[in-house]
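K.L.:
Handing over input39.csv, CSV, C-alpha atoms.
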chain,number,residue,atom,x,y,z
A,26,ARG,CA,-16.5,11.7,21.8
A,27,PHE,CA,-15.1,8.5,23.2
A,28,ASN,CA,-15.4,4.8,22.3
A,29,TYR,CA,-13.8,2.3,24.6
A,30,PHE,CA,-13.5,-1.5,23.9
A,31,GLN,CA,-12.5,-3.2,27.1
A,32,ASP,CA,-11.5,-6.5,25.5
A,33,THR,CA,-8.7,-4.8,23.6
A,34,GLN,CA,-8.2,-1.8,25.9
A,35,GLU,CA,-8.7,0.4,22.9
A,36,LEU,CA,-9.8,4.0,23.5
A,37,GLN,CA,-10.9,6.1,20.5
A,38,ILE,CA,-11.1,9.8,20.9
A,39,MET,CA,-12.9,11.8,18.2
A,40,ALA,CA,-13.8,15.5,18.0
A,41,PRO,CA,-17.4,16.4,17.0
A,42,LEU,CA,-17.1,18.3,13.8
A,43,PRO,CA,-19.9,19.8,11.6
A,44,ILE,CA,-19.4,17.4,8.7
A,45,HIS,CA,-19.8,14.4,11.1
A,46,GLU,CA,-23.3,15.6,12.2
A,47,GLN,CA,-24.7,16.8,8.9
A,48,PRO,CA,-25.7,13.5,7.2
A,49,THR,CA,-27.7,12.3,10.2
A,50,THR,CA,-29.4,15.7,10.5
A,51,HIS,CA,-30.5,15.3,6.9
A,52,LEU,CA,-32.0,11.9,7.6
A,53,PHE,CA,-33.8,13.3,10.6
A,54,LYS,CA,-35.6,15.8,8.4
A,55,ALA,CA,-36.6,13.0,5.9
A,56,VAL,CA,-38.0,10.8,8.7
A,57,THR,CA,-39.9,13.7,10.3
A,58,LYS,CA,-41.5,14.6,6.9
A,59,TYR,CA,-42.5,11.0,6.3
A,60,THR,CA,-44.1,10.4,9.7
A,61,ASP,CA,-45.9,13.8,9.7
A,62,ALA,CA,-47.7,12.6,6.6
A,63,ILE,CA,-49.2,9.6,8.5
A,64,PRO,CA,-52.5,10.6,10.3
A,65,TYR,CA,-51.9,9.1,13.7
A,66,ASP,CA,-52.2,10.6,17.2
A,67,LYS,CA,-48.7,11.8,18.0
A,68,ARG,CA,-49.7,12.0,21.7
A,69,LEU,CA,-50.2,8.2,21.8
A,70,ILE,CA,-47.3,7.1,19.5
A,71,ASP,CA,-44.0,9.0,19.7
A,72,VAL,CA,-41.6,8.4,16.7
A,73,THR,CA,-38.3,10.2,17.2
A,74,LEU,CA,-35.0,10.1,15.3
A,75,HIS,CA,-32.5,10.8,18.0
A,76,LEU,CA,-29.0,12.2,17.3
A,77,ASN,CA,-26.3,11.2,19.8
A,78,HIS,CA,-28.8,9.8,22.2
A,79,ARG,CA,-27.7,7.3,24.9
A,80,MET,CA,-28.6,3.6,24.6
A,81,GLN,CA,-28.6,1.7,27.9
A,82,ASN,CA,-29.3,-1.7,29.3
A,83,LYS,CA,-27.8,-3.5,32.3
A,84,ASP,CA,-24.7,-4.6,30.4
A,85,PHE,CA,-24.3,-2.1,27.7
A,86,THR,CA,-23.9,1.7,27.2
A,87,ASN,CA,-23.5,3.4,23.8
A,88,ILE,CA,-24.3,6.6,22.1
A,89,PRO,CA,-25.0,6.0,18.4
A,90,ASP,CA,-25.0,8.9,16.0
A,91,LEU,CA,-28.5,8.0,15.0
A,92,GLN,CA,-31.3,6.0,16.5
A,93,LEU,CA,-35.0,5.8,15.6
A,94,SER,CA,-37.1,4.9,18.5
A,95,VAL,CA,-40.9,4.4,19.0
A,96,ALA,CA,-42.6,4.8,22.3
A,97,VAL,CA,-46.3,4.2,23.1
A,98,HIS,CA,-48.5,6.2,25.5
A,99,PRO,CA,-51.8,4.3,25.7
A,100,PRO,CA,-54.9,6.5,26.3
A,101,GLU,CA,-55.9,6.8,29.9
A,102,ASN,CA,-59.5,6.8,31.2
A,103,ASP,CA,-58.8,9.1,34.1
A,104,GLU,CA,-56.7,11.8,32.7
A,105,ASP,CA,-57.7,14.3,35.4
A,106,ASP,CA,-57.0,12.0,38.3
A,107,ASP,CA,-53.4,12.5,39.4
A,108,GLU,CA,-53.6,9.5,41.6
A,109,ALA,CA,-54.5,7.1,38.8
A,110,GLU,CA,-51.7,4.8,37.7
A,111,ILE,CA,-50.2,5.2,34.2
A,112,GLU,CA,-48.0,3.0,32.1
A,113,ILE,CA,-44.3,4.0,31.6
A,114,PRO,CA,-43.4,3.2,28.0
A,115,ARG,CA,-40.2,1.5,27.0
A,116,PRO,CA,-38.9,3.0,23.7
A,117,VAL,CA,-38.3,0.4,20.9
A,118,ILE,CA,-35.3,1.1,18.8
A,119,LYS,CA,-36.0,0.4,15.1
A,120,TRP,CA,-32.9,1.9,13.4
A,121,VAL,CA,-29.4,2.7,14.6
A,122,GLY,CA,-26.6,4.4,12.7
A,123,GLU,CA,-23.0,5.5,12.8
A,124,CYS,CA,-21.3,8.3,10.9
A,125,GLY,CA,-17.6,8.6,10.6
A,126,LEU,CA,-15.1,11.1,9.1
A,127,SER,CA,-12.1,9.1,7.9
A,128,SER,CA,-13.1,6.5,10.4
A,129,ASP,CA,-12.3,2.8,10.2
A,130,ASP,CA,-15.3,1.0,8.8
A,131,ASN,CA,-14.5,-2.1,10.9
A,132,SER,CA,-14.7,0.0,14.1
A,133,MET,CA,-18.1,1.5,13.1
A,134,ILE,CA,-19.4,-2.0,12.2
A,135,ARG,CA,-18.2,-3.3,15.5
A,136,LYS,CA,-20.3,-0.7,17.3
A,137,LEU,CA,-23.3,-1.4,15.1
A,138,ARG,CA,-22.9,-5.1,15.9
A,139,LEU,CA,-22.9,-4.4,19.7
A,140,MET,CA,-25.9,-2.2,19.4
A,141,THR,CA,-28.0,-4.6,17.3
A,142,ASP,CA,-27.0,-7.6,19.4
A,143,SER,CA,-28.3,-5.8,22.5
A,144,SER,CA,-31.7,-4.8,20.8
A,145,GLY,CA,-33.5,-7.6,19.1
A,146,GLU,CA,-36.2,-5.2,17.9
A,147,THR,CA,-33.8,-3.2,15.7
A,148,GLU,CA,-34.5,-3.7,12.0
A,149,TYR,CA,-32.0,-1.5,10.2
A,150,ALA,CA,-28.4,-0.4,10.8
A,151,LEU,CA,-26.9,2.5,8.9
A,152,MET,CA,-23.3,3.5,8.3
A,153,ILE,CA,-22.2,6.8,6.7
A,154,SER,CA,-18.6,7.1,5.9
A,155,LEU,CA,-16.9,10.4,4.8
A,156,GLN,CA,-13.4,9.7,3.6
A,157,GLU,CA,-10.6,12.3,3.2
A,158,ARG,CA,-8.1,12.0,0.4
A,159,SER,CA,-5.3,11.8,3.0
A,160,LYS,CA,-5.2,11.9,6.8
A,161,TRP,CA,-5.5,15.5,8.0
A,162,GLN,CA,-2.4,17.0,9.8
A,163,GLN,CA,-2.1,20.3,11.5
A,164,PRO,CA,0.4,22.8,10.2
A,165,LYS,CA,3.9,22.1,11.3
A,166,ASP,CA,5.5,24.7,13.6
A,167,ASP,CA,8.1,25.8,11.1
A,168,SER,CA,5.7,25.8,8.0
A,169,PRO,CA,4.8,29.0,6.2
A,170,ALA,CA,1.2,28.5,7.1
A,171,SER,CA,2.0,28.2,10.8
A,172,LYS,CA,4.2,31.3,10.8
A,173,VAL,CA,1.7,33.5,8.9
A,174,LEU,CA,-1.5,32.3,10.7
A,175,ARG,CA,0.1,32.3,14.2
A,176,ALA,CA,1.3,35.9,13.7
A,177,SER,CA,-2.3,37.2,13.6
A,178,PRO,CA,-5.3,36.9,15.8
A,179,THR,CA,-7.9,34.2,15.2
A,180,MET,CA,-9.8,35.0,12.1
A,181,ASP,CA,-13.6,35.1,11.6
A,182,TYR,CA,-15.2,32.6,9.3
A,183,GLU,CA,-15.7,35.2,6.6
A,184,ASP,CA,-12.0,36.1,6.7
A,185,PHE,CA,-10.7,32.5,6.7
A,186,ILE,CA,-13.0,30.9,4.1
A,187,PRO,CA,-13.1,32.4,0.5
A,188,ARG,CA,-16.4,33.9,-0.5
A,189,ARG,CA,-16.6,32.1,-3.8
A,190,ILE,CA,-15.1,28.8,-5.0
A,191,LYS,CA,-15.1,26.6,-8.1
A,192,ARG,CA,-17.9,24.1,-8.1
A,193,SER,CA,-15.2,21.3,-8.4
A,194,LEU,CA,-13.9,22.4,-5.0
A,195,ARG,CA,-17.2,22.1,-3.1
A,196,PHE,CA,-15.8,19.1,-1.1
A,197,GLY,CA,-12.3,20.4,-1.0
A,198,PRO,CA,-9.4,20.6,-1.0
A,199,VAL,CA,-9.8,23.7,1.3
A,200,ILE,CA,-6.4,25.2,1.0
A,201,ILE,CA,-5.6,28.2,3.2
A,202,GLN,CA,-2.0,29.6,3.3
A,203,SER,CA,-0.8,26.6,1.3
A,204,HIS,CA,-2.1,24.1,3.9
A,205,VAL,CA,-4.9,21.6,3.3
A,206,TRP,CA,-7.5,21.9,6.0
A,207,ILE,CA,-9.9,19.2,4.6
A,208,ASP,CA,-10.3,17.3,1.4
A,209,VAL,CA,-13.2,14.9,1.2
A,210,CYS,CA,-13.1,12.4,-1.6
A,211,GLU,CA,-16.1,10.2,-0.9
A,212,VAL,CA,-19.4,10.2,1.0
A,213,ARG,CA,-20.7,6.6,1.2
A,214,TYR,CA,-23.9,5.3,2.7
A,215,THR,CA,-24.4,1.6,3.7
A,216,VAL,CA,-27.5,0.0,5.1
A,217,PHE,CA,-27.8,-3.4,6.7
A,218,LYS,CA,-31.1,-5.2,7.3
A,219,ARG,CA,-31.8,-7.8,9.9
A,220,GLY,CA,-32.0,-11.2,8.2
A,221,ALA,CA,-34.8,-13.7,8.1
A,222,ASP,CA,-32.9,-15.7,10.7
A,223,GLY,CA,-33.3,-12.7,13.1
A,224,HIS,CA,-29.6,-11.7,13.0
A,225,PHE,CA,-27.5,-9.0,11.2
A,226,ASP,CA,-24.8,-10.3,9.0
A,227,PHE,CA,-22.4,-7.4,8.6
A,228,ASN,CA,-20.0,-9.5,6.4
A,229,SER,CA,-22.6,-10.3,3.8
A,230,LYS,CA,-23.4,-8.2,0.7
A,231,ASN,CA,-26.6,-10.1,-0.1
A,232,ALA,CA,-28.9,-7.7,-1.9
A,233,GLU,CA,-31.8,-8.7,0.4
A,234,THR,CA,-30.0,-7.4,3.5
A,235,PHE,CA,-27.4,-5.0,2.2
A,236,ALA,CA,-27.3,-1.8,0.2
A,237,GLU,CA,-24.6,0.7,-0.6
A,238,GLY,CA,-24.4,4.0,-2.4
A,239,THR,CA,-22.6,7.3,-2.6
A,240,ILE,CA,-23.7,10.9,-2.9
A,241,TYR,CA,-20.1,12.1,-3.6
A,242,PRO,CA,-18.2,12.1,-6.0
A,243,GLU,CA,-21.4,10.9,-7.7
A,244,ILE,CA,-25.0,10.5,-6.6
A,245,LYS,CA,-25.6,6.8,-6.8
A,246,MET,CA,-28.2,6.2,-4.2
A,247,GLY,CA,-30.7,3.9,-6.1
A,248,ASP,CA,-30.1,0.8,-3.9
A,249,ILE,CA,-30.0,3.0,-0.7
A,250,GLU,CA,-33.2,4.7,-1.8
A,251,HIS,CA,-35.0,1.3,-2.2
A,252,VAL,CA,-34.0,-0.2,1.1
A,253,LEU,CA,-34.7,3.0,3.1
A,254,SER,CA,-38.1,3.3,1.4
A,255,GLU,CA,-38.8,-0.3,2.6
A,256,ALA,CA,-37.6,0.7,6.1
A,257,ALA,CA,-40.0,3.7,6.1
A,258,GLU,CA,-42.9,1.5,4.9
A,259,SER,CA,-42.0,-1.0,7.7
A,260,LEU,CA,-42.2,1.9,10.2
A,261,LYS,CA,-45.6,2.9,9.0
A,262,GLU,CA,-46.9,-0.7,9.4
A,263,TYR,CA,-45.4,-0.8,12.9
A,264,ILE,CA,-47.3,2.4,13.8
A,265,ILE,CA,-50.6,0.9,12.5
A,266,SER,CA,-50.0,-2.3,14.5
A,267,LEU,CA,-49.6,-0.2,17.6
A,268,MET,CA,-52.8,1.6,16.9
A,269,GLU,CA,-54.5,-1.7,16.6
A,270,GLY,CA,-53.0,-3.0,19.8
A,271,MET,CA,-54.3,0.0,21.7
A,272,GLY,CA,-57.8,-0.7,20.3
A,273,LEU,CA,-58.2,2.6,18.6
A,274,GLU,CA,-61.3,3.4,16.5
A,275,GLU,CA,-61.3,1.7,13.1
A,276,PRO,CA,-61.7,4.9,11.1
A,277,ALA,CA,-58.5,6.3,12.6
A,278,ILE,CA,-56.7,3.0,11.8
A,279,ARG,CA,-58.1,2.9,8.3
A,280,SER,CA,-57.0,6.5,7.7
A,281,ALA,CA,-53.4,5.7,8.7
A,282,ARG,CA,-53.4,2.6,6.6
A,283,GLU,CA,-54.7,4.4,3.5
A,284,SER,CA,-52.3,7.3,3.8
A,285,ARG,CA,-49.5,7.5,1.2
A,286,PRO,CA,-46.5,9.2,2.8
A,287,VAL,CA,-43.6,9.7,0.4
A,288,TRP,CA,-40.0,8.8,1.4
A,289,ASP,CA,-38.1,11.6,-0.3
A,290,PRO,CA,-34.7,12.4,1.3
A,291,ILE,CA,-33.7,14.7,-1.6
A,292,TRP,CA,-30.1,13.6,-1.9
A,293,GLU,CA,-29.2,16.7,-3.9
A,294,ALA,CA,-30.1,18.8,-0.8
A,295,ALA,CA,-27.9,16.5,1.4
A,296,LEU,CA,-25.0,17.1,-1.0
A,297,ASN,CA,-25.3,20.8,-0.7
A,298,GLN,CA,-25.6,20.6,3.1
A,299,ILE,CA,-22.6,18.4,3.5
A,300,SER,CA,-20.6,20.7,1.2
A,301,THR,CA,-21.4,23.6,3.5
A,302,ALA,CA,-20.3,21.5,6.5
A,303,VAL,CA,-17.0,20.7,4.7
A,304,TYR,CA,-16.0,24.4,4.8
A,305,LEU,CA,-17.3,24.9,8.3
A,306,THR,CA,-15.2,21.9,9.4
A,307,ALA,CA,-12.1,23.4,7.8
A,308,TYR,CA,-12.8,26.6,9.8
A,309,CYS,CA,-13.3,24.6,13.0
A,310,ARG,CA,-10.0,22.8,12.5
A,311,TYR,CA,-8.3,26.1,12.0
A,312,VAL,CA,-9.8,27.7,15.2
A,313,ASP,CA,-9.0,24.6,17.3
A,314,TRP,CA,-5.4,24.6,15.9
A,315,HIS,CA,-5.0,28.3,16.5
A,316,HIS,CA,-6.2,27.8,20.1
A,317,HIS,CA,-3.6,25.0,20.5
A,318,LYS,CA,-6.3,22.4,21.1
A,319,TYR,CA,-4.4,19.9,18.9
A,320,ASP,CA,-1.2,20.1,21.1
A,321,LYS,CA,-0.4,16.7,22.6
A,322,ARG,CA,-0.2,16.4,26.3
A,323,LYS,CA,-0.1,13.5,28.8
A,324,LEU,CA,-2.5,13.0,31.6
A,325,PRO,CA,-0.9,11.9,34.8
A,326,VAL,CA,-1.8,8.3,35.8
A,327,ALA,CA,-3.4,9.6,39.0
A,328,GLN,CA,-5.6,12.1,37.1
A,329,ALA,CA,-6.6,9.4,34.5
A,330,THR,CA,-7.7,7.0,37.2
A,331,THR,CA,-9.3,9.3,39.7
A,332,GLY,CA,-10.0,12.6,38.1
A,333,THR,CA,-13.0,11.6,36.0
A,334,SER,CA,-16.2,9.5,36.3
A,335,LEU,CA,-15.7,6.4,34.2
A,336,SER,CA,-17.9,3.5,33.0
A,337,SER,CA,-16.9,-0.1,33.4
A,338,ASN,CA,-19.3,-1.5,30.7
A,339,PRO,CA,-17.9,-3.6,27.9
A,340,THR,CA,-18.3,-0.7,25.5
A,341,ALA,CA,-19.0,2.9,26.5
A,342,SER,CA,-19.4,5.7,24.0
A,343,SER,CA,-20.0,9.2,25.0
A,344,SER,CA,-18.9,12.8,24.6
A,345,THR,CA,-18.8,13.3,28.4
A,346,ASP,CA,-18.5,9.9,30.0
A,347,GLN,CA,-15.1,8.4,29.8
A,348,PRO,CA,-14.4,4.6,29.7
A,349,HIS,CA,-13.2,2.6,32.6
A,350,THR,CA,-9.5,2.8,33.4
A,351,PRO,CA,-7.9,-0.4,34.8
A,352,SER,CA,-6.6,-0.1,38.3
A,353,THR,CA,-3.0,-0.4,37.1
A,354,GLY,CA,-3.3,3.1,35.5
A,355,LEU,CA,-3.8,4.4,31.9
A,356,SER,CA,-1.9,7.2,30.2
A,357,ILE,CA,-4.0,8.9,27.6
A,358,ASP,CA,-2.9,11.1,24.7
A,359,VAL,CA,-5.4,13.9,24.7
A,360,GLU,CA,-5.6,15.2,21.2
A,361,PRO,CA,-9.1,16.1,19.8
A,362,GLU,CA,-8.5,14.9,16.2
A,363,ARG,CA,-11.0,12.7,14.3
A,364,SER,CA,-8.4,9.9,14.1
A,365,ALA,CA,-8.6,7.1,16.7
A,366,LYS,CA,-6.1,7.0,19.5
A,367,ARG,CA,-5.1,3.8,21.2
A,368,ALA,CA,-4.4,3.6,24.9
A,369,LYS,CA,-2.7,0.5,26.3
A,370,VAL,CA,-1.8,-0.4,29.9
A,371,ASP,CA,1.9,-0.9,30.2
A,372,ASP,CA,2.1,-3.5,33.0
A,373,GLY,CA,5.9,-3.5,32.8
A,374,LYS,CA,6.3,0.2,33.7
A,375,VAL,CA,3.7,-0.1,36.4
A,376,SER,CA,5.5,-3.1,38.0
A,377,LYS,CA,8.9,-1.2,37.9
A,378,ALA,CA,7.3,1.8,39.5
A,379,LYS,CA,5.8,-0.3,42.3
A,380,ALA,CA,9.2,-2.0,42.8
A,381,LYS,CA,11.0,1.3,43.2
A,382,LYS,CA,8.4,2.5,45.8
A,383,SER,CA,8.7,-0.7,47.7
A,384,LYS,CA,12.5,-0.5,47.8
A,385,LYS,CA,12.4,3.2,49.0
A,386,ALA,CA,9.9,2.2,51.7
A,387,LYS,CA,12.2,-0.6,53.0
A,388,GLU,CA,15.2,1.8,53.1
A,389,ARG,CA,13.2,4.1,55.4
A,390,VAL,CA,12.3,1.4,57.9
A,391,PRO,CA,14.9,1.1,60.7
A,392,SER,CA,16.3,-2.4,61.4
A,393,SER,CA,15.5,-4.1,64.7
A,394,GLY,CA,19.2,-3.9,65.7
A,395,GLN,CA,19.3,-0.1,65.7
Can you give me the file's structure in the form of structure tokens?
P.N.:
Amino acid sequence: RFNYFQDTQELQIMAPLPIHEQPTTHLFKAVTKYTDAIPYDKRLIDVTLHLNHRMQNKDFTNIPDLQLSVAVHPPENDEDDDEAEIEIPRPVIKWVGECGLSSDDNSMIRKLRLMTDSSGETEYALMISLQERSKWQQPKDDSPASKVLRASPTMDYEDFIPRRIKRSLRFGPVIIQSHVWIDVCEVRYTVFKRGADGHFDFNSKNAETFAEGTIYPEIKMGDIEHVLSEAAESLKEYIISLMEGMGLEEPAIRSARESRPVWDPIWEAALNQISTAVYLTAYCRYVDWHHHKYDKRKLPVAQATTGTSLSSNPTASSSTDQPHTPSTGLSIDVEPERSAKRAKVDDGKVSKAKAKKSKKAKERVPSSGQ
């Protein structure tokens, strides 16, 4: 997964890990349960919580970890007429969200700001931060863990992860062969709401537009529960307004309005699911390490500039599309860790290389007197 900020020429490379995806998957279930309890025609109004789905306009490309979109498909009078014209809906993005494992909060907020600035219809921005007690490092080559684990074939999950653990270790540390593979110390949720002035203020902690809570080490989600319940109710009202705009029959609209869907994400279930993902993430790190996927290597400048399809948008985020590389060349450290990697253009080295090439070229050109 790549994030590129053109103004600072910063490239962030992050590997997709199970623990990174699990919190948003849990919210997906909660939203689906809520909207299913509202009696509206799902053929006419499509409410979808996308995970890692591309956002695009003419100036902007991004792939948030979470986005809730609503698309309208008005009823057609001539459904059997293939020649009849139909309306192509433009999805409206109501929520966006980012999830990070030991990621920099400022970087996630920067992405949220770019996304909310580009979509004036977005009402809520979510940030889920999973923090490790210390930055994860792969085993050193001369460590006991490396010597023992490298000496045997790659283990199955059941052989690598202990079958039973103490409850206090459900979020780590996961220690195998004296090496810490993951140790999560906090799972924090933050929700920002668009203000009355029509803008998001990511620097404000005003209770009217900001809420924060944790599900680990303690479940303290009261404020988050309140603001997400408001967000869900706002989504219901938006669905009803769309039904009214399409001129649907009053009984159908009344039935939706009188429904009482319950927003109940069940945070205890989220806690258990993320705990399972902690151990799966530890195993993924072990397998990637055992397969030498964490070994550093340099991409040649020619490969970095011509070997991939790149985007020149101000910000591009994708697991497949790589950001634009300046014409002067960019050397990238390829290392699929969750920590951000910075790539900078070294104009000095490029200039020296060009000067050497120019000098060699002149030496090969015979003088006019020969």
K.L.:
Counting only C-alpha atoms, figure out which residue out of A:Trp288, A:Phe217, A:Phe196, A:Trp206 gets nearest to Glu243 of chain A.
P.N.:
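Between A:Trp288, A:Phe217, A:Phe196, A:Trp206, the residue approaching Glu243 of chain A most closely is A:Phe196.
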K.L.:
Find the residue from A:Leu42, A:Val287, A:Ala256, A:Leu139 that sits nearest to Pro89 of chain A; use all atoms listed in the file when measuring.
P.N.:
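Going through A:Leu42, A:Val287, A:Ala256, A:Leu139 one by one, the smallest distance to Pro89 of chain A is for A:Leu139.
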K.L.:
For atom CA of His78 of chain A and atom CA of Leu93 of chain A, determine how far apart the two atoms are, in Å to one decimal place.
P.N.:
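Going from atom CA of His78 of chain A over to atom CA of Leu93 of chain A covers 9.9 Å.
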K.L.:
Name the residues, using the chain letters and numbers of the file, that sit within 9 Å of (-26.9, 9.1, 15.7) when counting all atoms listed in the file, and give them as a list in words.
P.N.:
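Residues satisfying the cut-off, written out: Glu46, Thr49, Thr50, Leu74, His75, Leu76, Asn77, His78, Ile88, Pro89, Asp90, Leu91, Gln92, Leu93, Val121, Gly122, Glu123 and Cys124 of chain A.
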K.L.:
Neighbouring residues of Arg68 of chain A were defined as those with any atom within 12 Å, considering all atoms listed in the file; residues of the same chain fewer than 2 positions away were excluded. Please report them as a list in words.
P.N.:
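Contacts, with the query itself left out: Pro64, Tyr65, Asp66, Ile70, Asp71, Val72, Val95, Ala96, Val97, His98, Pro99, Pro100, Glu101 and Met268 of chain A.
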K.L.:
Excluding Thr239 of chain A and any residue of its chain fewer than 6 positions from it, enumerate the residues within 8 Å of it, using only C-alpha atoms, and give them as a ChimeraX atom specification.
P.N.:
/A:211-214,245-246
K.L.:
Any idea what the distance is between atom CA of Ser300 of chain A and atom CA of Trp314 of chain A?
P.N.:
21.5 Å
K.L.:
Which polymer residues have any atom within 9 Å of an atom of Ala170 of chain A, counting all atoms listed in the file, with same-chain residues fewer than 3 positions away left out, as an MDAnalysis selection string?
P.N.:
chainID A and resid 164:167 173:175 201:204
K.L.:
Segment 193-276 of chain A near segment 148-161 of chain A within 10 Å: what's each residue's closest atom pair and its distance in Å to one decimal, counting only C-alpha atoms, ordered by chain then ascending residue number, as a tab-separated table?
P.N.:
residue	atom	partner	partner_atom	distance
A:Phe196	CA	A:Glu157	CA	9.6
A:Gly197	CA	A:Glu157	CA	9.3
A:Pro198	CA	A:Arg158	CA	8.8
A:Val205	CA	A:Trp161	CA	7.7
A:Trp206	CA	A:Trp161	CA	7.0
A:Ile207	CA	A:Trp161	CA	6.7
A:Asp208	CA	A:Glu157	CA	5.3
A:Val209	CA	A:Glu157	CA	4.2
A:Cys210	CA	A:Arg158	CA	5.4
A:Glu211	CA	A:Gln156	CA	5.3
A:Val212	CA	A:Leu155	CA	4.6
A:Arg213	CA	A:Ser154	CA	5.2
A:Tyr214	CA	A:Ile153	CA	4.6
A:Thr215	CA	A:Met152	CA	5.1
A:Val216	CA	A:Leu151	CA	4.6
A:Phe217	CA	A:Ala150	CA	5.1
A:Lys218	CA	A:Tyr149	CA	4.8
A:Arg219	CA	A:Glu148	CA	5.3
A:Gly220	CA	A:Glu148	CA	8.8
A:Gly223	CA	A:Glu148	CA	9.1
A:His224	CA	A:Glu148	CA	9.4
A:Phe225	CA	A:Ala150	CA	8.7
A:Phe227	CA	A:Ala150	CA	9.5
A:Thr234	CA	A:Tyr149	CA	9.1
A:Phe235	CA	A:Ala150	CA	9.8
A:Ala236	CA	A:Leu151	CA	9.7
A:Glu237	CA	A:Met152	CA	9.4
A:Gly238	CA	A:Ile153	CA	9.8
A:Thr239	CA	A:Ile153	CA	9.3
A:Tyr241	CA	A:Leu155	CA	9.1
A:Val252	CA	A:Tyr149	CA	9.4
A:Leu253	CA	A:Tyr149	CA	8.8
A:Ala256	CA	A:Tyr149	CA	7.3
A:Ser259	CA	A:Glu148	CA	9.1
A:Leu260	CA	A:Glu148	CA	9.7
K.L.:
Which residue is closest to Pro48 of chain A? Choose from A:Ile134, A:Ala302, A:Met271, A:Leu69 and count all atoms listed in the file.
P.N.:
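Ranking A:Ile134, A:Ala302, A:Met271, A:Leu69 by distance to Pro48 of chain A, first place goes to A:Ala302.
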K.L.:
Output as a PDB file, keeping the file's coordinate frame: segment 108-119 of chain A, completed with N, CA, C and O atoms.
P.N.:
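Okay, this is what ended up in rebuild08.pdb:
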ATOM      1  N   GLU A 108     -53.931  10.658  40.875  1.00  0.00           N
ATOM      2  CA  GLU A 108     -53.600   9.500  41.600  1.00  0.00           C
ATOM      3  C   GLU A 108     -53.756   8.192  40.808  1.00  0.00           C
ATOM      4  O   GLU A 108     -53.372   7.107  41.259  1.00  0.00           O
ATOM      5  N   ALA A 109     -54.312   8.318  39.623  1.00  0.00           N
ATOM      6  CA  ALA A 109     -54.500   7.100  38.800  1.00  0.00           C
ATOM      7  C   ALA A 109     -53.118   6.654  38.265  1.00  0.00           C
ATOM      8  O   ALA A 109     -52.207   7.449  38.031  1.00  0.00           O
ATOM      9  N   GLU A 110     -52.982   5.335  38.123  1.00  0.00           N
ATOM     10  CA  GLU A 110     -51.700   4.800  37.700  1.00  0.00           C
ATOM     11  C   GLU A 110     -51.648   4.849  36.128  1.00  0.00           C
ATOM     12  O   GLU A 110     -52.641   4.656  35.436  1.00  0.00           O
ATOM     13  N   ILE A 111     -50.456   5.144  35.619  1.00  0.00           N
ATOM     14  CA  ILE A 111     -50.200   5.200  34.200  1.00  0.00           C
ATOM     15  C   ILE A 111     -49.081   4.267  33.822  1.00  0.00           C
ATOM     16  O   ILE A 111     -48.275   3.892  34.669  1.00  0.00           O
ATOM     17  N   GLU A 112     -49.019   3.895  32.571  1.00  0.00           N
ATOM     18  CA  GLU A 112     -48.000   3.000  32.100  1.00  0.00           C
ATOM     19  C   GLU A 112     -46.760   3.783  31.637  1.00  0.00           C
ATOM     20  O   GLU A 112     -46.885   4.799  30.942  1.00  0.00           O
ATOM     21  N   ILE A 113     -45.580   3.352  32.043  1.00  0.00           N
ATOM     22  CA  ILE A 113     -44.300   4.000  31.600  1.00  0.00           C
ATOM     23  C   ILE A 113     -43.837   3.241  30.366  1.00  0.00           C
ATOM     24  O   ILE A 113     -43.522   2.050  30.434  1.00  0.00           O
ATOM     25  N   PRO A 114     -43.793   3.908  29.225  1.00  0.00           N
ATOM     26  CA  PRO A 114     -43.400   3.200  28.000  1.00  0.00           C
ATOM     27  C   PRO A 114     -41.908   2.917  27.934  1.00  0.00           C
ATOM     28  O   PRO A 114     -41.093   3.680  28.464  1.00  0.00           O
ATOM     29  N   ARG A 115     -41.570   1.825  27.304  1.00  0.00           N
ATOM     30  CA  ARG A 115     -40.200   1.500  27.000  1.00  0.00           C
ATOM     31  C   ARG A 115     -39.956   1.728  25.511  1.00  0.00           C
ATOM     32  O   ARG A 115     -40.553   1.041  24.687  1.00  0.00           O
ATOM     33  N   PRO A 116     -39.143   2.701  25.132  1.00  0.00           N
ATOM     34  CA  PRO A 116     -38.900   3.000  23.700  1.00  0.00           C
ATOM     35  C   PRO A 116     -38.355   1.729  22.996  1.00  0.00           C
ATOM     36  O   PRO A 116     -37.494   1.028  23.532  1.00  0.00           O
ATOM     37  N   VAL A 117     -38.841   1.481  21.799  1.00  0.00           N
ATOM     38  CA  VAL A 117     -38.300   0.400  20.900  1.00  0.00           C
ATOM     39  C   VAL A 117     -37.459   1.023  19.872  1.00  0.00           C
ATOM     40  O   VAL A 117     -37.901   1.925  19.153  1.00  0.00           O
ATOM     41  N   ILE A 118     -36.227   0.570  19.776  1.00  0.00           N
ATOM     42  CA  ILE A 118     -35.300   1.100  18.800  1.00  0.00           C
ATOM     43  C   ILE A 118     -35.374   0.346  17.505  1.00  0.00           C
ATOM     44  O   ILE A 118     -35.060  -0.839  17.456  1.00  0.00           O
ATOM     45  N   LYS A 119     -35.807   1.033  16.435  1.00  0.00           N
ATOM     46  CA  LYS A 119     -36.000   0.400  15.100  1.00  0.00           C
ATOM     47  C   LYS A 119     -34.811   0.538  14.199  1.00  0.00           C
ATOM     48  O   LYS A 119     -34.529  -0.331  13.400  1.00  0.00           O
TER      49      LYS A 119
END
